[in-house]
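Source file final.cif; content: mmCIF, C-alpha atoms.
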data_input
loop_
_atom_site.label_atom_id
_atom_site.label_comp_id
_atom_site.auth_asym_id
_atom_site.auth_seq_id
_atom_site.Cartn_x
_atom_site.Cartn_y
_atom_site.Cartn_z
CA MET G 18 32.22 107.91 -3.84
CA ASN G 19 32.52 104.17 -4.17
CA LEU G 20 31.02 101.39 -2.09
CA ASN G 21 34.22 100.84 -0.08
CA GLN G 22 34.27 104.46 1.09
CA ILE G 23 30.61 104.33 2.07
CA LEU G 24 31.12 101.13 4.07
CA ASN G 25 34.18 102.57 5.80
CA MET G 26 32.20 105.68 6.74
CA ILE G 27 29.37 103.60 8.20
CA VAL G 28 31.79 101.36 10.12
CA ARG G 29 33.59 104.43 11.54
CA ILE G 30 30.26 105.85 12.74
CA PHE G 31 29.37 102.66 14.61
CA VAL G 32 32.87 102.22 16.05
CA ARG G 33 32.87 105.84 17.27
CA LYS G 34 29.47 105.36 18.93
CA GLY G 35 30.67 102.13 20.55
CA VAL G 36 33.86 103.70 21.89
CA ASN G 37 31.97 106.72 23.24
CA TRP G 38 29.44 104.41 24.91
CA GLY G 39 32.25 102.42 26.56
CA ILE G 40 34.03 105.54 27.77
CA ASN G 41 30.81 106.94 29.24
CA LYS G 42 30.10 103.63 31.01
CA GLY G 43 33.65 103.57 32.38
CA VAL G 44 33.43 107.14 33.68
CA ASP G 45 30.09 106.37 35.31
CA PHE G 46 31.52 103.21 36.91
CA ALA G 47 34.53 105.14 38.20
CA ALA G 48 32.28 107.94 39.49
CA ARG G 49 30.27 105.42 41.50
CA ARG G 50 33.53 103.73 42.58
CA GLY G 51 32.13 100.38 41.50
CA LYS G 52 29.12 100.46 43.81
CA PRO G 53 25.64 99.59 42.51
CA THR G 54 23.38 102.61 42.10
CA ALA G 55 20.83 101.26 44.59
CA THR G 56 23.34 101.21 47.47
CA LEU G 57 24.66 104.76 47.05
CA SER G 58 24.02 107.30 49.78
CA LYS G 59 23.01 110.89 49.07
CA ALA G 60 26.62 112.02 49.46
CA ASP G 61 27.77 109.28 47.07
CA HIS G 62 25.19 110.42 44.50
CA GLN G 63 26.45 113.99 44.76
CA THR G 64 30.07 112.87 44.42
CA ALA G 65 29.23 110.73 41.39
CA GLN G 66 27.36 113.62 39.75
CA HIS G 67 30.27 115.97 40.42
CA THR G 68 32.68 113.45 38.89
CA ARG G 69 30.50 113.09 35.78
CA ASP G 70 30.34 116.88 35.46
CA MET G 71 34.13 117.11 35.71
CA ALA G 72 34.52 114.44 33.02
CA LYS G 73 32.13 116.37 30.78
CA ARG G 74 34.17 119.55 31.28
CA ALA G 75 37.37 117.65 30.51
CA ARG G 76 35.88 116.37 27.23
CA LYS G 77 34.83 119.92 26.28
CA LEU G 78 38.29 121.24 27.14
CA ALA G 79 39.93 118.52 25.04
CA ARG G 80 37.71 119.47 22.09
CA ILE G 81 38.55 123.16 22.47
CA THR G 82 42.29 122.58 22.75
CA GLY G 83 42.15 120.33 19.71
CA ARG G 84 40.54 123.13 17.72
CA ILE G 85 43.11 125.65 18.93
CA GLY G 86 45.96 123.29 18.08
CA ARG G 87 44.98 123.07 14.40
#
Could you render the structure from this file as structure tokens?
Amino acid sequence: MNLNQILNMIVRIFVRKGVNWGINKGVDFAARRGKPTATLSKADHQTAQHTRDMAKRARKLARITGRIGR
């Protein structure tokens, strides 16, 4: 394994973490419908939690279907 491969591996790790962070922030923003967390009502909190749970299930389903498709 040469230095170029090691650097590429490290860069891929950080890029993957950055993309996942951005996707999670986007899903959270969409779940709250752009409202600040402090102004959400109890019903809004429940809706946001339900939306986050659905997004989590969708990610799991995508992983499973990717494994099946191999």
Fill in the blank from the handout: From atom CA of G:Asp45 to atom CA of G:Ala65 the spacing works out at 7.5 Å
Problem - Pairwise distance for atom CA of G:Leu78 and atom CA of G:His62, rounded to one decimal in Å - result: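 It comes out at 24.3 Å.
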Practice task
Show which residues sit within 10 Å of G:Thr68, as a PyMOL selection string. Count all atoms listed in the file, and ignore same-chain residues fewer than 4 positions away.
Solution key: chain G and resi 44-45+47-49+62-64+72-74
Keeping only C-alpha atoms, write the selected residues to a file as a PDB file, keeping the file's coordinate frame.
ATOM      1  CA  VAL G  44      33.430 107.140  33.680  1.00  0.00           C
ATOM      2  CA  ASP G  45      30.090 106.370  35.310  1.00  0.00           C
ATOM      3  CA  ALA G  47      34.530 105.140  38.200  1.00  0.00           C
ATOM      4  CA  ALA G  48      32.280 107.940  39.490  1.00  0.00           C
ATOM      5  CA  ARG G  49      30.270 105.420  41.500  1.00  0.00           C
ATOM      6  CA  HIS G  62      25.190 110.420  44.500  1.00  0.00           C
ATOM      7  CA  GLN G  63      26.450 113.990  44.760  1.00  0.00           C
ATOM      8  CA  THR G  64      30.070 112.870  44.420  1.00  0.00           C
ATOM      9  CA  ALA G  72      34.520 114.440  33.020  1.00  0.00           C
ATOM     10  CA  LYS G  73      32.130 116.370  30.780  1.00  0.00           C
ATOM     11  CA  ARG G  74      34.170 119.550  31.280  1.00  0.00           C
TER      12      ARG G  74
END
Practice task
Name the closest residue to G:Lys42 among the candidates G:Ala75, G:Arg69, G:Asn19, G:Asp61; distances are taken between atoms, counting only C-alpha atoms.
Solution key: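 Among G:Ala75, G:Arg69, G:Asn19, G:Asp61, it is G:Arg69 that comes nearest to G:Lys42.
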Handout entry: Nearest to G:Asn37, chosen from G:Arg76, G:Thr82, G:Asn25, G:Asp70, with all atoms listed in the file counted in the distances
Key = G:Arg76
Exercise for the section: Between atom CA of G:Ala60 and atom CA of G:Phe46, measure the distance and give it in Å to one decimal. Expected result: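 The value is 16.1 Å.
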